[in-house]
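Let me begin by presenting the structure, written as structure tokens, before commenting on it.
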Amino acid sequence: MDQDSSTQAAKRKRGDEAFLAPQTAENGVLDGVDLSLLEAVEKSHNGGIEVLDLRTMKKFVLSFERRLRDNLESRMKFPDQPDKFAESEVELHNEIERLKILAGGPELYPDLVSLNTIPSIVGLLGHENTDIAVDVVGLLMDLTDEDVLEDNDDPARVLVDALVENNVLELLVQNIGRLSESDPDEATAIYNTLATIENIIEVKPAVAEMVCERTKLLRWLMGRIKVREFDANKQYASEILAILLQNSSANQKRLGQMNGVDAMLQAVAMYKSRDPKTSEEGEMLENLFDCLCCLLMPVENKERFVKSEGVELMIIIMKQKKSAYGSAIKVLDFAMTKYPQVCERFVDVLGLKTVFAAFMGKIPVNKKSKRERYEEELEERLISLIASLFGGVVRGSRRDRLLSKFVENEYEKIDRLMEFFIRYADRVKEESERLDKLDLDDLEMDEEERYNRKLEAGLYTLQLIALMMGHLWSSEHPGIRARMELLLKQQKLSRQYVIGILQEYHDNIGDIDGPEEKERAQSRIQRFISAFQV
């Protein structure tokens, strides 16, 4: 199965209720709307504030720096007398809130950086008063907001580079450690911190690995998803974790070394016999399974998956037939790919009965199953999974048990396999004809693009089915061979048609896993081709 495309974490939609931070009506914030910001905008419309330009920004920055200096001096003079510096803290809070108006002029961000204001802003994340640090988190989230930075790529990069150079990642994560989610404002600040980190990664993808190298964010996120109770912050933590893992082998390995596979299994195990109560909780569960799939990319994490009894848990989830059913199949597909130990464990713990029930179409009906393409995606996962079983279980009693599944009940699994074969062959044929028509219309494409289009139309799944047919034919079981011959003839097809699909697969195998693995794969396919020719 195409694992890269399957691990793409869904981007959080701004404004979607599912992703709103915990709400509070205190400190000038109501229903997620910053009243001070709205008031500032309203005043600017009424002529109370100058139009936002470089001159105005310099005034804001100068005022902020003065209030910051006053506060620091007051705290140094009267460290044990809070009443002496309380007023300066209120004034500093107001100046930070005023700076939020700068989000309305992202084109001025390079000037903001040139004024050397970023070190002062970022430094306040470590302020002794957590309320001030919370204010700064809100400011950073606004300045880096996806909608604000849209069509302002260069200014965005200048700002983000300055933030990273001034240790914003380290300070943001350190600040999370001192915030308490029992306080609504601080819970919101945690949410906003995650939003800021996501915004920064959006502008500078390299930050995904940087933040894991430099901070303890992975450990914090892992601890957060272990909490049994569901809330917006747990959901967001699961999403950030998926973003950090999706395209980073380094982060996948790093989290694996931190016992992350076991932690992820514990998190999804909460749903082995129950469904999420809300759509938001359902999205969080999908994020967790996506994280688990990402973790299973490095070989060493597949071994951890086996040791943590991940195979057994996925089979239990499938047997319970709850909403996580399809996700469990997806995880098993990732785990079995190019790793025979998972395949062997799967057979040993009696997983064949469960997976072949799904293969025969006995898929539980739930909200997910009504989703467009759900059943088709599940079928493709199952075909990939069983193809991996054939590749990973090559001899002995385990192999016999796998082959016997295709013999029992009057070869019904052979019938089902051939049904899939014809369906996907028809799809690929239709796509090929469509591409031929494009060529006739002078919209020529090279062979590589043509092949990729066919893969997208279902050729990859058809190739996996042909491989399974090769394994079955090579077993030399007379009943299996006779059934396959009969079903091919009924469709006016011959073994030569299957050989053609295998030959195309053979000729297009890449060397992404190295030349030796490519040669082994091609030799295996050639053996199947030779068997079909006898």
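To be explicit about the labels: the chains of the structure tokens are called A, B, and onward in the order shown, and within each one the residues are counted from 1, while ligands get numbers from 1 in the order they are shown.
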
If we count only C-alpha atoms, what is near region 339-343 of chain A at a cut-off of 12 Å, once residues fewer than 3 positions away on the same chain are taken out, given as a ChimeraX atom specification?
/A:296-312,314,331-336,346-352,385-395,398-399,402

For the helix (DSSP H, G or I) assignment from backbone DSSP, which residues of region 437-527 of chain A qualify? Please present them as number ranges by chain.
A: 437-440, 447-474, 478-490, 495-508, 515-527

Save out the residues we just selected, C-alpha atoms, as a PDB file, in the first residue's frame.
```pdb
ATOM      1  CA  LYS A 437      -7.624   9.087 -26.276  1.00  0.00           C
ATOM      2  CA  LEU A 438      -5.586  11.897 -24.717  1.00  0.00           C
ATOM      3  CA  ASP A 439      -2.623  10.858 -26.887  1.00  0.00           C
ATOM      4  CA  LEU A 440      -4.855  11.024 -29.968  1.00  0.00           C
ATOM      5  CA  GLU A 447       5.671   6.684 -20.183  1.00  0.00           C
ATOM      6  CA  GLU A 448       6.439   7.437 -16.522  1.00  0.00           C
ATOM      7  CA  GLU A 449       3.494   9.799 -16.168  1.00  0.00           C
ATOM      8  CA  ARG A 450       1.248   7.352 -18.001  1.00  0.00           C
ATOM      9  CA  TYR A 451       2.300   4.550 -15.635  1.00  0.00           C
ATOM     10  CA  ASN A 452       1.679   6.746 -12.585  1.00  0.00           C
ATOM     11  CA  ARG A 453      -1.813   7.603 -13.839  1.00  0.00           C
ATOM     12  CA  LYS A 454      -2.588   3.911 -14.135  1.00  0.00           C
ATOM     13  CA  LEU A 455      -1.260   3.294 -10.619  1.00  0.00           C
ATOM     14  CA  GLU A 456      -3.643   5.937  -9.306  1.00  0.00           C
ATOM     15  CA  ALA A 457      -6.506   4.241 -11.172  1.00  0.00           C
ATOM     16  CA  GLY A 458      -5.886   0.939  -9.358  1.00  0.00           C
ATOM     17  CA  LEU A 459      -2.943  -0.695 -11.129  1.00  0.00           C
ATOM     18  CA  TYR A 460      -0.962  -1.083  -7.898  1.00  0.00           C
ATOM     19  CA  THR A 461      -3.795  -3.029  -6.261  1.00  0.00           C
ATOM     20  CA  LEU A 462      -4.178  -5.111  -9.453  1.00  0.00           C
ATOM     21  CA  GLN A 463      -0.460  -5.915  -9.306  1.00  0.00           C
ATOM     22  CA  LEU A 464      -0.790  -7.060  -5.680  1.00  0.00           C
ATOM     23  CA  ILE A 465      -3.704  -9.310  -6.668  1.00  0.00           C
ATOM     24  CA  ALA A 466      -1.604 -10.750  -9.526  1.00  0.00           C
ATOM     25  CA  LEU A 467       1.213 -11.416  -7.023  1.00  0.00           C
ATOM     26  CA  MET A 468      -1.225 -13.278  -4.757  1.00  0.00           C
ATOM     27  CA  MET A 469      -2.384 -15.288  -7.775  1.00  0.00           C
ATOM     28  CA  GLY A 470       1.286 -16.072  -8.464  1.00  0.00           C
ATOM     29  CA  HIS A 471       1.751 -17.371  -4.909  1.00  0.00           C
ATOM     30  CA  LEU A 472      -1.401 -19.493  -5.182  1.00  0.00           C
ATOM     31  CA  TRP A 473      -0.528 -20.910  -8.595  1.00  0.00           C
ATOM     32  CA  SER A 474       3.026 -21.695  -7.442  1.00  0.00           C
ATOM     33  CA  PRO A 478      -4.547 -28.853  -8.191  1.00  0.00           C
ATOM     34  CA  GLY A 479      -7.858 -27.565  -6.844  1.00  0.00           C
ATOM     35  CA  ILE A 480      -6.614 -23.967  -6.596  1.00  0.00           C
ATOM     36  CA  ARG A 481      -5.176 -24.088 -10.104  1.00  0.00           C
ATOM     37  CA  ALA A 482      -8.344 -25.595 -11.588  1.00  0.00           C
ATOM     38  CA  ARG A 483     -10.536 -22.943  -9.935  1.00  0.00           C
ATOM     39  CA  MET A 484      -8.353 -20.083 -11.163  1.00  0.00           C
ATOM     40  CA  GLU A 485      -8.300 -21.491 -14.720  1.00  0.00           C
ATOM     41  CA  LEU A 486     -12.089 -21.844 -14.697  1.00  0.00           C
ATOM     42  CA  LEU A 487     -12.723 -18.307 -13.494  1.00  0.00           C
ATOM     43  CA  LEU A 488     -10.290 -16.833 -16.028  1.00  0.00           C
ATOM     44  CA  LYS A 489     -11.989 -18.714 -18.858  1.00  0.00           C
ATOM     45  CA  GLN A 490     -15.394 -17.478 -17.715  1.00  0.00           C
ATOM     46  CA  ARG A 495      -2.932 -16.963 -17.819  1.00  0.00           C
ATOM     47  CA  GLN A 496      -1.135 -14.824 -20.365  1.00  0.00           C
ATOM     48  CA  TYR A 497      -3.197 -11.841 -19.207  1.00  0.00           C
ATOM     49  CA  VAL A 498      -1.944 -12.322 -15.632  1.00  0.00           C
ATOM     50  CA  ILE A 499       1.610 -12.722 -16.951  1.00  0.00           C
ATOM     51  CA  GLY A 500       1.313  -9.372 -18.730  1.00  0.00           C
ATOM     52  CA  ILE A 501       0.394  -7.606 -15.460  1.00  0.00           C
ATOM     53  CA  LEU A 502       3.264  -9.295 -13.608  1.00  0.00           C
ATOM     54  CA  GLN A 503       5.706  -8.421 -16.394  1.00  0.00           C
ATOM     55  CA  GLU A 504       4.747  -4.738 -16.273  1.00  0.00           C
ATOM     56  CA  TYR A 505       5.208  -4.787 -12.485  1.00  0.00           C
ATOM     57  CA  HIS A 506       8.588  -6.515 -12.906  1.00  0.00           C
ATOM     58  CA  ASP A 507       9.796  -3.938 -15.421  1.00  0.00           C
ATOM     59  CA  ASN A 508       8.788  -0.929 -13.293  1.00  0.00           C
ATOM     60  CA  PRO A 515      19.529  -2.685  -5.833  1.00  0.00           C
ATOM     61  CA  GLU A 516      19.645  -6.004  -3.927  1.00  0.00           C
ATOM     62  CA  GLU A 517      16.017  -5.738  -2.809  1.00  0.00           C
ATOM     63  CA  LYS A 518      14.996  -4.763  -6.349  1.00  0.00           C
ATOM     64  CA  GLU A 519      16.752  -7.851  -7.733  1.00  0.00           C
ATOM     65  CA  ARG A 520      15.094 -10.121  -5.157  1.00  0.00           C
ATOM     66  CA  ALA A 521      11.638  -8.705  -5.966  1.00  0.00           C
ATOM     67  CA  GLN A 522      12.180  -9.113  -9.704  1.00  0.00           C
ATOM     68  CA  SER A 523      13.431 -12.695  -9.266  1.00  0.00           C
ATOM     69  CA  ARG A 524      10.318 -13.585  -7.257  1.00  0.00           C
ATOM     70  CA  ILE A 525       8.021 -12.132  -9.929  1.00  0.00           C
ATOM     71  CA  GLN A 526       9.970 -13.941 -12.651  1.00  0.00           C
ATOM     72  CA  ARG A 527       9.391 -17.249 -10.820  1.00  0.00           C
TER      73      ARG A 527
END
```

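CA of Gly256 (chain A) is positioned 24.1 Å from CA of Glu229 (chain A).
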
Find, counting only C-alpha atoms, the residue in A:Gly514, A:Pro155, A:Gly126, A:Gly282 that gets nearest to Ser323 (chain A).
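Closest residue, counting only C-alpha atoms: A:Gly282.
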
Residue neighbourhood region 164-167 of chain A, 8 Å, only C-alpha atoms, exclusion window fewer than 6 positions, as an NGL selection string
:A and (118-119 or 122)

Please identify all polymer residues within 12 Å of Thr144 (chain A), counting only C-alpha atoms, omitting same-chain residues fewer than 2 positions from it, and present them as a ChimeraX atom specification.
/A:100,102-106,109,137-142,146-150,152-153,155-161,163,192-204

Quick one: everything within 7 Å of region 205-215 of chain A, counting only C-alpha atoms, minus sequence neighbours fewer than 6 positions away in the same chain. Send it as a JSON list (two decimals) with all heavy atoms, in the first residue's frame.
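Output file around-v3.json is given in full below:
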```json
[["chain", "number", "residue", "atom", "x", "y", "z"],
["A", 169, "LEU", "N", 11.16, 28.18, 20.15],
["A", 169, "LEU", "CA", 10.71, 26.80, 20.31],
["A", 169, "LEU", "C", 10.98, 26.31, 21.74],
["A", 169, "LEU", "O", 10.09, 25.75, 22.41],
["A", 169, "LEU", "CB", 11.41, 25.88, 19.31],
["A", 169, "LEU", "CG", 11.20, 26.24, 17.83],
["A", 169, "LEU", "CD1", 12.05, 25.34, 16.94],
["A", 169, "LEU", "CD2", 9.73, 26.11, 17.45],
["A", 170, "GLU", "N", 12.22, 26.55, 22.19],
["A", 170, "GLU", "CA", 12.59, 26.11, 23.54],
["A", 170, "GLU", "C", 11.73, 26.80, 24.59],
["A", 170, "GLU", "O", 11.23, 26.16, 25.53],
["A", 170, "GLU", "CB", 14.07, 26.42, 23.81],
["A", 170, "GLU", "CG", 15.05, 25.61, 22.95],
["A", 170, "GLU", "CD", 15.37, 26.24, 21.60],
["A", 170, "GLU", "OE1", 14.56, 27.07, 21.10],
["A", 170, "GLU", "OE2", 16.41, 25.91, 21.03],
["A", 173, "VAL", "N", 7.96, 25.61, 24.67],
["A", 173, "VAL", "CA", 7.79, 24.29, 25.29],
["A", 173, "VAL", "C", 8.07, 24.35, 26.79],
["A", 173, "VAL", "O", 7.36, 23.72, 27.59],
["A", 173, "VAL", "CB", 8.68, 23.24, 24.59],
["A", 173, "VAL", "CG1", 8.58, 21.90, 25.30],
["A", 173, "VAL", "CG2", 8.28, 23.10, 23.11],
["A", 244, "LEU", "N", 4.26, 16.09, 13.31],
["A", 244, "LEU", "CA", 5.69, 15.92, 13.59],
["A", 244, "LEU", "C", 6.23, 14.60, 13.04],
["A", 244, "LEU", "O", 7.40, 14.49, 12.67],
["A", 244, "LEU", "CB", 5.94, 15.98, 15.10],
["A", 244, "LEU", "CG", 5.68, 17.33, 15.78],
["A", 244, "LEU", "CD1", 5.83, 17.20, 17.29],
["A", 244, "LEU", "CD2", 6.61, 18.41, 15.25],
["A", 251, "ASN", "N", 12.10, 11.77, 13.57],
["A", 251, "ASN", "CA", 11.13, 11.88, 14.65],
["A", 251, "ASN", "C", 10.46, 10.54, 14.95],
["A", 251, "ASN", "O", 10.15, 10.22, 16.10],
["A", 251, "ASN", "CB", 10.07, 12.93, 14.31],
["A", 251, "ASN", "CG", 10.60, 14.34, 14.42],
["A", 251, "ASN", "OD1", 11.69, 14.57, 14.94],
["A", 251, "ASN", "ND2", 9.85, 15.31, 13.91]]
```
